[in-house]
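Data block below; observations after.
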Amino acid sequence: MTTMSVPSTLVKCLYLFFDLPHMAEAPGATQTPELPLADRRALLQKVFVQILVKLCSFVSPAEELTQKDDLQLLFSAITSWCPPHNLPWRKSAGQVLTTISRHGLSVNVVKYIHEKECLATCIQNMQQSDDLSPLEIVEMFAGLSCFLKDSSDVSQTLLDDFRMSQGYTFLCDLMLRLEQTKEEDSSDALKDLVSLVTCLTTYGVTELKPAGLTTGAPFLLPGFVLPQPSGKGTVLQIFPMSIHLTHFHKQSQC
């Protein structure tokens, strides 16, 4: 299927589906034996994404998407506004991208994402769109964080791209926006975002260890015993920790 460009063709279709018009039921349509228009579209969306997710469970479709220069469409799709009736298509794009992050992150795919500045595009979309609510942005970042996590097991490249694109500064500003918003479920969204930022500290390939010559550090005091971590317990990045510190500092000034 990759030789026939099926993955890239389906991704192009998915991107176009973001602009599908709203389908209102015609008078008397409920009396016909056929499925309502909304149900037919929902069925199309379900089958379509199942096919695309199944395809992207292998490396070769992701490679084909890079060769056809269509992988960047998925990054743009998950961080773009779309009409409420087309939100399932944006969620579908997120499912496909998550599948690629788990099964298709070859060296060539990571190189493509880096060279096309896909992460910078995502951050720019989330920052500059006036139509996206903070709750939507948190959902978008949750999908993006999957890519950062899966890629960090083999390469630091995409994490560096995220940092160079001011991604951590953006997350700090998003936290402040969520605290100020009055939208329903904003508190839960803030908790989710804090959890995602905390998880970022464990992404990477090199563990951060304390310098042995640090003066007055607790781990050098007599009798100090390092607590055993309940989970993975390694800090691989210092930048996400700075988000919490900056957020606390800005809050103390309010």
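Letters A, B, ... mark the chains of the structure tokens in the order given; residue numbers begin at 1 per chain; ligand numbers begin at 1, in order shown.
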All helix (DSSP H, G or I) residues (DSSP, backbone) inside stretch 13-235 of chain A, as a PyMOL selection string: chain A and resi 13-19+29-31+37-55+59-67+71-78+84-103+107-115+118-128+134-152+157-164+167-180+186-200+218-220
Output C-alpha atoms of each residue in that selection to a file, as a compact mmCIF listing (two decimals), in the first residue's frame.
```txt
# COMPACT_ATOMS: atom_id res chain seq x y z
CA CYS A 13 -8.19 13.43 2.69
CA LEU A 14 -8.16 13.71 6.47
CA TYR A 15 -6.79 17.23 6.24
CA LEU A 16 -9.50 18.21 3.75
CA PHE A 17 -12.22 16.74 5.97
CA PHE A 18 -11.58 19.58 8.43
CA ASP A 19 -13.58 21.83 6.08
CA ALA A 29 -35.42 12.20 6.54
CA THR A 30 -36.09 10.36 9.79
CA GLN A 31 -38.88 8.44 8.09
CA LEU A 37 -26.67 11.92 7.67
CA ALA A 38 -24.89 12.58 10.97
CA ASP A 39 -24.69 8.85 11.71
CA ARG A 40 -23.37 8.11 8.24
CA ARG A 41 -20.64 10.69 8.64
CA ALA A 42 -19.75 9.32 12.08
CA LEU A 43 -19.50 5.83 10.58
CA LEU A 44 -17.27 7.14 7.79
CA GLN A 45 -15.01 8.83 10.32
CA LYS A 46 -14.77 5.69 12.45
CA VAL A 47 -13.89 3.36 9.57
CA PHE A 48 -11.54 5.90 7.98
CA VAL A 49 -9.46 6.40 11.11
CA GLN A 50 -9.35 2.66 11.83
CA ILE A 51 -7.81 2.05 8.41
CA LEU A 52 -5.29 4.85 8.76
CA VAL A 53 -4.29 3.88 12.30
CA LYS A 54 -3.83 0.27 11.22
CA LEU A 55 -1.62 1.37 8.34
CA VAL A 59 7.37 2.05 9.97
CA SER A 60 6.99 2.11 6.18
CA PRO A 61 3.81 4.27 6.08
CA ALA A 62 5.50 6.92 8.22
CA GLU A 63 8.47 6.85 5.88
CA GLU A 64 6.13 7.23 2.91
CA LEU A 65 4.48 10.24 4.54
CA THR A 66 7.87 11.92 4.85
CA GLN A 67 8.76 11.15 1.24
CA LEU A 71 3.53 14.11 7.64
CA GLN A 72 3.60 17.81 8.46
CA LEU A 73 -0.12 17.96 7.59
CA LEU A 74 -0.87 15.86 10.67
CA PHE A 75 1.08 18.21 12.94
CA SER A 76 -0.76 21.17 11.48
CA ALA A 77 -4.09 19.36 11.78
CA ILE A 78 -3.87 18.53 15.48
CA PRO A 84 -17.30 22.01 16.21
CA HIS A 85 -19.01 19.50 13.93
CA ASN A 86 -15.60 18.48 12.55
CA LEU A 87 -13.82 18.02 15.89
CA PRO A 88 -13.88 14.21 15.50
CA TRP A 89 -11.58 14.61 12.49
CA ARG A 90 -9.06 16.56 14.56
CA LYS A 91 -9.14 13.86 17.21
CA SER A 92 -8.62 11.30 14.45
CA ALA A 93 -5.50 13.16 13.32
CA GLY A 94 -4.24 12.97 16.90
CA GLN A 95 -4.83 9.22 16.98
CA VAL A 96 -2.87 8.74 13.77
CA LEU A 97 0.01 10.88 15.00
CA THR A 98 0.14 9.01 18.30
CA THR A 99 0.27 5.72 16.41
CA ILE A 100 3.17 6.99 14.32
CA SER A 101 5.03 8.11 17.46
CA ARG A 102 4.73 4.60 18.90
CA HIS A 103 5.50 2.56 15.81
CA VAL A 107 15.75 8.02 12.07
CA ASN A 108 14.41 9.42 8.79
CA VAL A 109 11.06 10.34 10.34
CA VAL A 110 12.70 12.18 13.25
CA LYS A 111 15.00 13.95 10.79
CA TYR A 112 12.00 15.02 8.70
CA ILE A 113 10.13 16.40 11.73
CA HIS A 114 13.24 18.34 12.73
CA GLU A 115 13.98 19.75 9.28
CA CYS A 118 6.91 20.60 12.80
CA LEU A 119 7.05 21.28 16.54
CA ALA A 120 7.62 24.98 15.95
CA THR A 121 4.56 25.00 13.69
CA CYS A 122 2.46 23.35 16.40
CA ILE A 123 3.52 25.85 19.05
CA GLN A 124 2.93 28.75 16.70
CA ASN A 125 -0.56 27.48 15.87
CA MET A 126 -1.48 27.11 19.53
CA GLN A 127 -0.07 30.52 20.44
CA GLN A 128 -1.52 32.61 17.66
CA PRO A 134 -7.16 26.95 26.71
CA LEU A 135 -8.92 23.62 27.25
CA GLU A 136 -8.49 22.73 23.58
CA ILE A 137 -4.82 23.68 23.71
CA VAL A 138 -4.20 21.36 26.67
CA GLU A 139 -5.77 18.53 24.71
CA MET A 140 -3.54 19.36 21.74
CA PHE A 141 -0.41 19.41 23.88
CA ALA A 142 -1.32 16.04 25.39
CA GLY A 143 -1.06 14.53 21.92
CA LEU A 144 2.13 16.43 21.17
CA SER A 145 3.73 15.23 24.40
CA CYS A 146 3.35 11.63 23.20
CA PHE A 147 5.65 12.46 20.33
CA LEU A 148 8.17 14.08 22.65
CA LYS A 149 8.11 11.09 24.98
CA ASP A 150 8.44 8.39 22.34
CA SER A 151 11.15 10.22 20.39
CA SER A 152 13.15 10.99 23.53
CA THR A 157 16.47 16.18 18.71
CA LEU A 158 12.75 16.85 19.09
CA LEU A 159 13.07 17.86 22.73
CA ASP A 160 15.69 20.39 21.67
CA ASP A 161 13.36 21.60 18.92
CA PHE A 162 10.60 22.07 21.47
CA ARG A 163 12.91 24.08 23.72
CA MET A 164 14.27 26.22 20.89
CA GLY A 167 7.73 25.56 24.08
CA TYR A 168 8.41 25.70 27.81
CA THR A 169 7.67 29.42 27.97
CA PHE A 170 4.42 28.77 26.14
CA LEU A 171 3.42 26.09 28.66
CA CYS A 172 4.05 28.47 31.55
CA ASP A 173 1.84 31.12 29.94
CA LEU A 174 -0.83 28.50 29.30
CA MET A 175 -0.85 27.57 32.99
CA LEU A 176 -1.52 31.18 33.93
CA ARG A 177 -4.32 31.41 31.35
CA LEU A 178 -5.97 28.31 32.75
CA GLU A 179 -5.88 29.71 36.27
CA GLN A 180 -7.60 32.87 35.11
CA SER A 186 -10.54 24.48 33.59
CA SER A 187 -9.33 23.22 36.97
CA ASP A 188 -9.10 19.64 35.69
CA ALA A 189 -7.34 20.85 32.55
CA LEU A 190 -4.78 22.69 34.68
CA LYS A 191 -4.13 19.55 36.72
CA ASP A 192 -3.63 17.58 33.52
CA LEU A 193 -1.22 20.19 32.17
CA VAL A 194 0.82 20.24 35.39
CA SER A 195 1.02 16.45 35.22
CA LEU A 196 2.19 16.58 31.59
CA VAL A 197 4.86 19.16 32.41
CA THR A 198 6.04 17.04 35.32
CA CYS A 199 6.33 14.04 33.02
CA LEU A 200 8.52 16.10 30.69
CA PRO A 218 21.51 17.79 51.15
CA PHE A 219 22.90 14.68 49.48
CA LEU A 220 26.36 15.50 50.93
```
Which of these residues is nearest to A:Leu10, using only C-alpha atoms: A:Lys116, A:Ala24, A:Leu132, A:Asp70? A:Asp70
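Coordinates place atom CA of A:Asp69 at a distance of 11.5 Å from atom CA of A:Ser5.
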Could you check which of A:Ser133, A:Cys56, A:Asp153, A:Thr201 is closest to A:Thr2, using only C-alpha atoms? A:Cys56
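With only C-alpha atoms as the basis for measurement, A:Lys68 is the residue among A:Glu34, A:Pro21, A:Lys68, A:Asp130 that approaches A:Thr3 most closely.
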One decimal place gives the atom CA of A:Pro36-atom CA of A:Val6 separation as 29.0 Å
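Take atom CA of A:Lys12 and atom CA of A:Ser80: the distance between them is 15.0 Å.
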